Every structure is written in C-alpha cells, then in structure tokens.
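As stored in entry-v2.txt (compact mmCIF, C-alpha atoms):
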```
# COMPACT_ATOMS: atom_id res chain seq x y z
CA ASP G 1 -86.69 72.73 119.71
CA GLY G 2 -89.54 73.60 117.37
CA GLY G 3 -88.80 75.93 114.56
CA ILE G 4 -88.17 76.57 110.89
CA THR G 5 -84.93 75.38 109.32
CA GLN G 6 -83.68 76.89 106.10
CA SER G 7 -80.73 75.55 104.18
CA PRO G 8 -78.24 76.31 102.93
CA LYS G 9 -77.32 79.58 104.68
CA TYR G 10 -75.44 80.77 101.58
CA LEU G 11 -76.02 79.69 97.99
CA PHE G 12 -74.38 80.66 94.73
CA ARG G 13 -76.04 80.33 91.36
CA LYS G 14 -74.40 80.18 87.99
CA GLU G 15 -76.10 81.75 85.00
CA GLY G 16 -78.74 79.47 83.52
CA GLN G 17 -78.84 77.26 86.58
CA ASN G 18 -81.84 76.35 88.71
CA VAL G 19 -81.27 76.22 92.46
CA THR G 20 -83.50 74.95 95.26
CA LEU G 21 -83.77 76.45 98.72
CA SER G 22 -84.92 74.14 101.48
CA CYS G 23 -87.44 75.00 104.20
CA GLU G 24 -88.53 72.54 106.88
CA GLN G 25 -90.75 73.22 109.90
CA ASN G 26 -91.64 71.08 112.90
CA LEU G 27 -94.21 73.49 114.32
CA ASN G 28 -97.15 71.59 112.80
CA HIS G 29 -98.26 74.79 111.06
CA ASP G 30 -100.55 74.46 108.07
CA ALA G 31 -99.54 77.63 106.25
CA MET G 32 -96.08 78.33 104.86
CA TYR G 33 -94.64 81.28 102.94
CA TRP G 34 -91.62 82.40 100.94
CA TYR G 35 -90.48 86.02 101.05
CA ARG G 36 -87.71 87.85 99.27
CA GLN G 37 -85.80 90.64 101.04
CA ASP G 38 -83.66 93.14 99.14
CA PRO G 39 -81.58 95.87 100.81
CA GLY G 40 -83.66 98.94 101.49
CA GLN G 41 -86.93 97.22 100.55
CA GLY G 42 -89.74 95.60 102.45
CA LEU G 43 -90.31 91.87 102.40
CA ARG G 44 -92.15 90.73 99.29
CA LEU G 45 -94.25 87.58 99.08
CA ILE G 46 -93.19 85.04 96.44
CA TYR G 47 -95.46 82.04 97.08
CA TYR G 48 -97.57 80.69 99.91
CA SER G 49 -99.30 77.44 100.76
CA GLN G 50 -102.15 76.96 103.17
CA ILE G 51 -102.46 73.19 102.87
CA VAL G 52 -100.52 70.27 101.47
CA ASN G 53 -100.59 69.93 97.67
CA ASP G 54 -101.88 73.46 97.23
CA PHE G 55 -100.03 76.77 96.81
CA GLN G 56 -100.70 80.25 95.51
CA LYS G 57 -98.62 82.91 93.78
CA GLY G 58 -97.65 85.96 95.74
CA ASP G 59 -96.70 89.38 94.43
CA ILE G 60 -93.44 88.36 92.72
CA ALA G 61 -93.83 84.71 91.68
CA GLU G 62 -92.31 85.02 88.20
CA GLY G 63 -89.10 83.00 87.90
CA TYR G 64 -89.82 80.91 90.98
CA SER G 65 -91.55 77.59 91.64
CA VAL G 66 -92.58 75.69 94.77
CA SER G 67 -94.00 72.37 95.88
CA ARG G 68 -95.83 71.29 99.02
CA GLU G 69 -95.84 67.51 99.12
CA LYS G 70 -95.52 67.33 102.90
CA LYS G 71 -96.85 69.56 105.65
CA GLU G 72 -93.34 70.02 107.03
CA SER G 73 -91.61 71.00 103.79
CA PHE G 74 -91.96 73.90 101.35
CA PRO G 75 -88.94 74.09 99.00
CA LEU G 76 -88.43 77.06 96.67
CA THR G 77 -86.75 76.70 93.28
CA VAL G 78 -85.20 79.78 91.75
CA THR G 79 -85.24 79.12 88.02
CA SER G 80 -83.03 80.50 85.28
CA ALA G 81 -85.98 82.70 84.29
CA GLN G 82 -85.39 84.80 87.41
CA LYS G 83 -82.91 87.34 86.04
CA ASN G 84 -82.16 89.11 89.30
CA PRO G 85 -82.07 86.38 91.93
CA THR G 86 -79.56 87.93 94.33
CA ALA G 87 -81.46 88.48 97.58
CA PHE G 88 -82.08 87.19 101.08
CA TYR G 89 -84.84 84.56 101.03
CA LEU G 90 -87.01 83.96 104.06
CA CYS G 91 -89.33 81.07 104.72
CA ALA G 92 -92.13 81.44 107.25
CA SER G 93 -95.04 79.55 108.71
CA SER G 94 -98.07 80.82 110.55
CA ILE G 95 -100.52 79.86 113.21
CA ILE G 96 -103.56 81.53 114.68
CA SER G 97 -103.03 81.82 118.43
CA GLY G 98 -105.24 83.80 120.77
CA GLY G 99 -106.85 85.49 117.80
CA ASP G 100 -103.49 86.57 116.38
CA GLU G 101 -102.08 85.12 113.18
CA LYS G 102 -98.36 85.05 113.92
CA LEU G 103 -95.64 84.52 111.36
CA PHE G 104 -92.57 82.57 112.41
CA PHE G 105 -89.52 82.99 110.21
CA GLY G 106 -86.53 80.84 109.44
CA SER G 107 -83.00 82.22 109.55
CA GLY G 108 -82.86 82.84 105.81
CA THR G 109 -80.79 81.90 102.76
CA GLN G 110 -78.56 84.44 101.03
CA LEU G 111 -78.52 83.71 97.30
CA SER G 112 -75.88 85.29 95.11
CA VAL G 113 -75.07 85.03 91.42
CA LEU G 114 -71.59 83.97 90.33
CA GLU W 1 -103.12 99.20 97.49
CA ASP W 2 -101.86 98.97 101.06
CA GLN W 3 -98.86 101.12 101.91
CA VAL W 4 -96.51 101.15 104.88
CA THR W 5 -93.91 103.86 105.48
CA GLN W 6 -91.42 103.60 108.31
CA SER W 7 -89.36 106.48 109.64
CA PRO W 8 -86.64 107.21 110.22
CA GLU W 9 -84.73 104.82 107.96
CA ALA W 10 -81.92 104.74 110.49
CA LEU W 11 -81.54 105.96 114.06
CA ARG W 12 -78.48 106.10 116.26
CA LEU W 13 -79.02 106.57 120.01
CA GLN W 14 -76.88 106.55 123.08
CA GLU W 15 -77.55 103.85 125.63
CA GLY W 16 -80.39 105.01 127.87
CA GLU W 17 -81.67 107.60 125.36
CA SER W 18 -85.37 106.90 124.79
CA SER W 19 -86.99 107.44 121.39
CA SER W 20 -89.78 106.31 119.07
CA LEU W 21 -89.98 104.67 115.67
CA ASN W 22 -92.87 105.51 113.37
CA CYS W 23 -94.96 103.34 111.06
CA SER W 24 -97.50 105.18 108.91
CA TYR W 25 -99.97 103.09 106.98
CA THR W 26 -102.74 103.23 104.42
CA VAL W 27 -105.02 100.22 104.19
CA SER W 28 -108.53 99.53 102.98
CA GLY W 29 -109.40 97.83 106.25
CA LEU W 30 -106.90 97.07 108.99
CA ARG W 31 -106.95 93.46 110.15
CA GLY W 32 -103.79 93.86 112.22
CA LEU W 33 -100.53 95.78 112.49
CA PHE W 34 -97.41 93.81 113.32
CA TRP W 35 -93.98 94.73 114.64
CA TYR W 36 -90.95 92.49 114.10
CA ARG W 37 -87.32 92.71 115.11
CA GLN W 38 -84.65 91.52 112.66
CA ASP W 39 -80.98 90.99 113.50
CA PRO W 40 -78.38 91.01 110.68
CA GLY W 41 -78.44 87.80 108.66
CA LYS W 42 -81.41 86.42 110.60
CA GLY W 43 -85.14 86.09 110.08
CA PRO W 44 -87.57 88.56 111.67
CA GLU W 45 -88.76 87.83 115.19
CA PHE W 46 -92.36 88.60 116.14
CA LEU W 47 -92.84 91.37 118.72
CA PHE W 48 -96.44 92.64 118.73
CA THR W 49 -99.80 92.62 116.99
CA LEU W 50 -102.15 95.61 117.34
CA TYR W 51 -105.71 95.59 116.05
CA SER W 52 -107.52 98.80 116.94
CA ALA W 53 -106.78 102.45 117.54
CA GLY W 54 -105.84 103.13 121.13
CA GLU W 55 -104.40 99.69 121.69
CA GLU W 56 -101.02 99.42 123.40
CA LYS W 57 -98.70 96.48 124.07
CA GLU W 58 -95.47 96.28 126.03
CA LYS W 59 -92.52 93.94 126.18
CA GLU W 60 -89.50 94.80 128.31
CA ARG W 61 -88.21 98.18 127.04
CA LEU W 62 -90.57 98.24 124.03
CA LYS W 63 -94.07 99.65 123.84
CA ALA W 64 -96.19 99.66 120.69
CA THR W 65 -99.14 101.99 120.18
CA LEU W 66 -101.68 102.35 117.39
CA THR W 67 -103.77 105.17 115.94
CA LYS W 68 -105.96 105.15 112.84
CA LYS W 69 -103.05 106.28 110.66
CA GLU W 70 -99.85 105.20 112.36
CA SER W 71 -98.14 103.09 114.96
CA PHE W 72 -95.24 103.97 117.20
CA LEU W 73 -92.67 101.68 118.72
CA HIS W 74 -91.38 103.43 121.83
CA ILE W 75 -88.02 102.31 123.17
CA THR W 76 -87.34 103.28 126.77
CA ALA W 77 -83.78 103.42 128.12
CA PRO W 78 -82.43 101.23 125.32
CA LYS W 79 -79.42 98.96 125.66
CA PRO W 80 -76.91 97.97 122.95
CA GLU W 81 -78.66 94.60 122.58
CA ASP W 82 -81.73 96.46 121.31
CA SER W 83 -79.77 97.30 118.17
CA ALA W 84 -81.58 95.73 115.21
CA THR W 85 -83.84 96.54 112.28
CA TYR W 86 -87.47 96.94 113.31
CA LEU W 87 -90.08 96.02 110.72
CA CYS W 88 -93.71 97.07 110.60
CA ALA W 89 -96.36 95.23 108.59
CA VAL W 90 -100.09 95.64 108.06
CA ASN W 91 -102.66 93.03 107.21
CA SER W 92 -105.81 93.89 105.32
CA GLY W 93 -106.52 90.49 103.83
CA GLY W 94 -107.16 88.33 106.83
CA GLY W 95 -104.41 85.80 106.31
CA ALA W 96 -100.66 86.26 106.50
CA ASP W 97 -100.65 86.32 102.68
CA GLY W 98 -102.18 89.78 102.95
CA LEU W 99 -99.24 91.32 104.81
CA THR W 100 -97.56 94.46 103.48
CA PHE W 101 -94.17 95.21 105.04
CA GLY W 102 -92.41 98.51 105.48
CA LYS W 103 -88.72 98.92 104.68
CA GLY W 104 -87.74 98.97 108.34
CA THR W 105 -85.88 101.25 110.72
CA HIS W 106 -82.26 100.36 111.43
CA LEU W 107 -81.63 101.15 115.10
CA ILE W 108 -78.16 101.40 116.61
CA ILE W 109 -77.68 101.83 120.34
CA GLN W 110 -74.20 103.01 121.27
CA PRO W 111 -72.73 102.13 124.69
```

What do you get writing this file as structure tokens?
Amino acid sequence: DGGITQSPKYLFRKEGQNVTLSCEQNLNHDAMYWYRQDPGQGLRLIYYSQIVNDFQKGDIAEGYSVSREKKESFPLTVTSAQKNPTAFYLCASSIISGGDEKLFFGSGTQLSVL
Amino acid sequence: EDQVTQSPEALRLQEGESSSLNCSYTVSGLRGLFWYRQDPGKGPEFLFTLYSAGEEKEKERLKATLTKKESFLHITAPKPEDSATYLCAVNSGGGADGLTFGKGTHLIIQP
C-alpha cells in the first residue's frame, strides 16, 4: 500500500540530546512537510521541501533541522536548542490532483521529554 | 496574516442528531479551504477542498459548504464512528506551505 510511514510512534528525549524522527513515503510525491501539533493548537509548519536537496523554513523552524537527500525520505532532527520539544509531529506529502493540492499525512510521532 | 477560527471547540451529539461545525476565516486571497478528519493518535485524513463561495461537496454523512467568510461542515444523522476531531485549513499561498490550520472541533457521537 502507498503511504507515509513515520517512526518511531513514541520517542523520548533526554535534556541536551538530539533526536531524529523518520518519515518515508512511497507515493512518489515531490513535496514533503513537517508539522508540529500541540494540544488545543492548530498544526504549525516546521520545514518543507519541494524537491530533493532543497528545503525551506516554515513558521517555527528554530531548534529543528531537516535533510532531503532522497525523494522518499525527509527526516526531522529535534536539536537540543528546541527547549519545548514535547508535541505530536506529523509528516506530510502533497500532490496536485484534479486541480486540488492534497496533503497526505503520516500517523505521527509523539515526542516527550524525560 | 491568515486566520482560521473553528467553533465549537467540542461538540457532543446523540447518534442520529444532525449538526454543523463552523470554520470562520480571514485571508488575503483564498486559494482553497480544506477539511480534514483526525482520529486520536493518528494523522489527519483529507475530506474536502472548496474553492469558491457557493461551492458544496458531500461524502457519506458529511457535507461541506463555503461562503466568503466561513465554511460549514454539516453532519447528517451521525454515527459513533464519526467521532473525531475535524480540522479546517485555508490556503492563500498557492502551495501546501501556505496552509493555516484552525484548532479543530472535537466531535463525540454517543450511541
């Protein structure tokens, strides 16, 4: 089945530690995105990439980094500079179909601080 | 700056009790309004895209409508499996990087 796979489902970070969230898609979509979701808040864009080897900062990029070495993969690193990393992280990819640009989401990674 | 306000924050209905969820928006130029469904611990699932005032789209018990200031998601004779958080988003930038999401409406359908 085609889709977006995020791993791990749950992740714990110790203070001062960098952690990497994985996102893989087999939908052959060019564009990929990382969102952060906090309780009671709307999704906020962290980073996005429209083509391989290129990515752009979203609204809340500070304390995060990404890479896009392959079309299928868009990992997110939460660095120690991100002081409030506890959140639900969602990876997405998009395609323009029938005039609509549709976002397809993965199942998310819940990151918590130990 | 684009703004999206969803109301109510939470809604509890009896099975079969129809109702509507509201999404009010302010954008510089609407390129699309999107509705998503999100189950607990899962990623959002695409439901509808609306582009112009007067447009309507339907899927099973759900019907989305759009005016120049707001969108409604009408739920007719809901079932417990319709329980979820419904998210609204607007796009004024052309690409998905220009999406602004609302906080969502948490819908509970009681048997």

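All chain G residues having an atom within 9 Å of chain W, based on all atoms listed in the file, amount to Ala31, Tyr33, Pro39, Gly40, Gln41, Gly42, Leu43, Arg44, Leu45, Tyr47, Tyr48, Gly58, Phe88, Leu90, Cys91, Ala92, Ser94, Asp100, Glu101, Lys102, Leu103, Phe104, Phe105, Gly106, Ser107, Gly108, Thr109 and Gln110 of chain G.
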
**Fill in**
In terms of only C-alpha atoms, the residue from G:Gln17, G:Gln37, G:Ser73, G:Asn28 at minimal distance from Val113 of chain G is G:Gln17

**Straight-line distance linking atom CA of Gly93 of chain W with atom CA of Ile46 of chain G, stated in Å to one decimal** = 16.2 Å

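Computed from the coordinates, the atom CA of Asp59 of chain G to atom CA of Arg36 of chain G distance equals 10.3 Å.
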
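The gap separating atom CA of His106 of chain W from atom CA of Lys69 of chain W is 21.6 Å, in Å to one decimal.
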
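Considering only C-alpha atoms, the residue among G:Ile96, G:Leu27, G:Ala87, G:Leu111 positioned nearest to Lys71 of chain G is G:Leu27.
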
**Asked** Taking (-87.2, 72.7, 108.3) in the file's coordinates as the center, which residues reach within 8 Å of it, counting only C-alpha atoms, put as a PyMOL selection string?
**Response** chain G and resi 3-6+22-26+72-73

Would you save the residues of that selection, restricted to C-alpha atoms, as a PDB file, in the coordinates of the input?
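Produced file again-v2.pdb, reproduced below:
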```pdb
ATOM      1  CA  GLY G   3     -88.800  75.930 114.560  1.00  0.00           C
ATOM      2  CA  ILE G   4     -88.170  76.570 110.890  1.00  0.00           C
ATOM      3  CA  THR G   5     -84.930  75.380 109.320  1.00  0.00           C
ATOM      4  CA  GLN G   6     -83.680  76.890 106.100  1.00  0.00           C
ATOM      5  CA  SER G  22     -84.920  74.140 101.480  1.00  0.00           C
ATOM      6  CA  CYS G  23     -87.440  75.000 104.200  1.00  0.00           C
ATOM      7  CA  GLU G  24     -88.530  72.540 106.880  1.00  0.00           C
ATOM      8  CA  GLN G  25     -90.750  73.220 109.900  1.00  0.00           C
ATOM      9  CA  ASN G  26     -91.640  71.080 112.900  1.00  0.00           C
ATOM     10  CA  GLU G  72     -93.340  70.020 107.030  1.00  0.00           C
ATOM     11  CA  SER G  73     -91.610  71.000 103.790  1.00  0.00           C
TER      12      SER G  73
END
```

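Closest approach to Gly29 of chain W among W:Val90, W:Leu11, W:Ala77, W:Ile108 is made by W:Val90 (distances from only C-alpha atoms).
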
**Request:** Identify, on the basis of all atoms listed in the file, every residue whose closest approach to segment 50-53 of chain G does not exceed 8 Å; exclude the query and any residue fewer than 4 positions from it along the same chain; express the result as number ranges by chain.
**Result:** G: 30-32, 67-71

**Request:** Name all residues at most 7 Å from Asp2 of chain W (count only C-alpha atoms; drop same-chain ones fewer than 6 positions away) and give them as a ChimeraX atom specification.
**Result:** /W:26-28,100

Can I get a file of segment 44-80 of chain W from the given structure, N, CA, C and O atoms kept, as a compact mmCIF listing (two decimals), in the first residue's frame?
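To be explicit, this is the file written out as selection.txt:
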```txt
# COMPACT_ATOMS: atom_id res chain seq x y z
N PRO W 44 -4.07 13.52 10.24
CA PRO W 44 -5.32 13.97 9.60
C PRO W 44 -5.56 13.26 8.27
O PRO W 44 -4.61 12.96 7.54
N GLU W 45 -6.84 13.07 7.99
CA GLU W 45 -7.26 12.43 6.75
C GLU W 45 -8.05 13.44 5.93
O GLU W 45 -8.99 14.04 6.43
N PHE W 46 -7.67 13.61 4.67
CA PHE W 46 -8.31 14.60 3.80
C PHE W 46 -9.78 14.27 3.57
O PHE W 46 -10.14 13.12 3.30
N LEU W 47 -10.63 15.30 3.68
CA LEU W 47 -12.06 15.15 3.39
C LEU W 47 -12.47 15.92 2.13
O LEU W 47 -12.95 15.34 1.17
N PHE W 48 -12.29 17.26 2.18
CA PHE W 48 -12.79 18.10 1.10
C PHE W 48 -11.85 19.27 0.84
O PHE W 48 -11.16 19.72 1.73
N THR W 49 -11.92 19.78 -0.40
CA THR W 49 -11.38 21.09 -0.74
C THR W 49 -12.49 21.91 -1.38
O THR W 49 -13.20 21.42 -2.26
N LEU W 50 -12.63 23.17 -0.93
CA LEU W 50 -13.60 24.10 -1.50
C LEU W 50 -12.84 25.32 -1.99
O LEU W 50 -11.90 25.77 -1.32
N TYR W 51 -13.27 25.88 -3.13
CA TYR W 51 -12.50 26.97 -3.71
C TYR W 51 -13.25 28.29 -3.80
O TYR W 51 -12.64 29.35 -3.76
N SER W 52 -14.59 28.23 -3.98
CA SER W 52 -15.30 29.48 -4.20
C SER W 52 -16.62 29.48 -3.45
O SER W 52 -17.22 28.42 -3.20
N ALA W 53 -17.06 30.67 -3.11
CA ALA W 53 -18.32 30.83 -2.38
C ALA W 53 -19.46 30.17 -3.14
O ALA W 53 -19.57 30.33 -4.36
N GLY W 54 -20.28 29.45 -2.40
CA GLY W 54 -21.40 28.74 -3.01
C GLY W 54 -21.10 27.29 -3.34
O GLY W 54 -22.01 26.51 -3.62
N GLU W 55 -19.84 26.93 -3.27
CA GLU W 55 -19.45 25.56 -3.58
C GLU W 55 -19.85 24.62 -2.45
O GLU W 55 -19.78 24.99 -1.28
N GLU W 56 -20.27 23.42 -2.80
CA GLU W 56 -20.65 22.40 -1.83
C GLU W 56 -20.05 21.07 -2.27
O GLU W 56 -19.97 20.78 -3.45
N LYS W 57 -19.65 20.25 -1.26
CA LYS W 57 -19.17 18.90 -1.54
C LYS W 57 -19.71 17.96 -0.49
O LYS W 57 -19.86 18.34 0.67
N GLU W 58 -19.99 16.73 -0.90
CA GLU W 58 -20.58 15.75 0.00
C GLU W 58 -19.79 14.45 -0.02
O GLU W 58 -19.21 14.06 -1.05
N LYS W 59 -19.79 13.80 1.15
CA LYS W 59 -19.19 12.49 1.27
C LYS W 59 -19.91 11.76 2.39
O LYS W 59 -19.78 12.15 3.55
N GLU W 60 -20.67 10.77 2.04
CA GLU W 60 -21.45 9.99 3.01
C GLU W 60 -22.31 10.94 3.85
O GLU W 60 -23.17 11.64 3.31
N ARG W 61 -22.12 11.00 5.14
CA ARG W 61 -22.97 11.82 6.02
C ARG W 61 -22.45 13.25 6.15
O ARG W 61 -23.02 14.05 6.92
N LEU W 62 -21.38 13.59 5.46
CA LEU W 62 -20.76 14.90 5.58
C LEU W 62 -21.02 15.76 4.35
O LEU W 62 -20.95 15.27 3.22
N LYS W 63 -21.27 17.04 4.60
CA LYS W 63 -21.44 18.00 3.51
C LYS W 63 -20.75 19.29 3.90
O LYS W 63 -21.02 19.85 4.96
N ALA W 64 -19.84 19.75 3.05
CA ALA W 64 -19.11 20.98 3.31
C ALA W 64 -19.62 22.08 2.39
O ALA W 64 -19.84 21.85 1.19
N THR W 65 -19.79 23.27 2.96
CA THR W 65 -20.24 24.43 2.20
C THR W 65 -19.31 25.60 2.47
O THR W 65 -18.60 25.63 3.48
N LEU W 66 -19.32 26.57 1.54
CA LEU W 66 -18.38 27.69 1.65
C LEU W 66 -19.07 29.00 1.30
O LEU W 66 -19.81 29.09 0.31
N THR W 67 -18.83 30.02 2.17
CA THR W 67 -19.23 31.39 1.85
C THR W 67 -17.95 32.22 1.81
O THR W 67 -16.84 31.69 1.97
N LYS W 68 -18.09 33.52 1.64
CA LYS W 68 -16.90 34.37 1.56
C LYS W 68 -16.19 34.54 2.90
O LYS W 68 -15.04 35.00 2.94
N LYS W 69 -16.87 34.17 3.99
CA LYS W 69 -16.28 34.37 5.31
C LYS W 69 -16.15 33.10 6.13
O LYS W 69 -15.43 33.09 7.14
N GLU W 70 -16.89 32.05 5.75
CA GLU W 70 -16.88 30.87 6.59
C GLU W 70 -17.26 29.62 5.80
O GLU W 70 -17.79 29.70 4.68
N SER W 71 -16.96 28.51 6.41
CA SER W 71 -17.34 27.21 5.85
C SER W 71 -18.04 26.42 6.94
O SER W 71 -17.73 26.57 8.14
N PHE W 72 -18.99 25.62 6.53
CA PHE W 72 -19.69 24.74 7.46
C PHE W 72 -19.47 23.29 7.04
O PHE W 72 -19.46 22.97 5.85
N LEU W 73 -19.31 22.46 8.05
CA LEU W 73 -19.29 21.01 7.82
C LEU W 73 -20.55 20.46 8.48
O LEU W 73 -20.67 20.44 9.70
N HIS W 74 -21.51 20.09 7.63
CA HIS W 74 -22.79 19.58 8.12
C HIS W 74 -22.68 18.06 8.28
O HIS W 74 -22.22 17.38 7.37
N ILE W 75 -23.14 17.58 9.41
CA ILE W 75 -23.12 16.14 9.67
C ILE W 75 -24.56 15.69 9.86
O ILE W 75 -25.24 16.12 10.81
N THR W 76 -25.01 14.83 8.96
CA THR W 76 -26.39 14.38 8.95
C THR W 76 -26.49 12.98 9.54
O THR W 76 -25.77 12.08 9.13
N ALA W 77 -27.38 12.84 10.51
CA ALA W 77 -27.62 11.54 11.17
C ALA W 77 -26.32 10.84 11.52
O ALA W 77 -26.02 9.73 11.03
N PRO W 78 -25.47 11.49 12.34
CA PRO W 78 -24.15 10.92 12.61
C PRO W 78 -24.21 9.60 13.37
O PRO W 78 -25.16 9.32 14.11
N LYS W 79 -23.14 8.82 13.18
CA LYS W 79 -22.95 7.56 13.87
C LYS W 79 -21.73 7.67 14.78
O LYS W 79 -20.88 8.55 14.58
N PRO W 80 -21.61 6.79 15.76
CA PRO W 80 -20.45 6.86 16.67
C PRO W 80 -19.11 6.87 15.94
O PRO W 80 -18.17 7.51 16.42
```
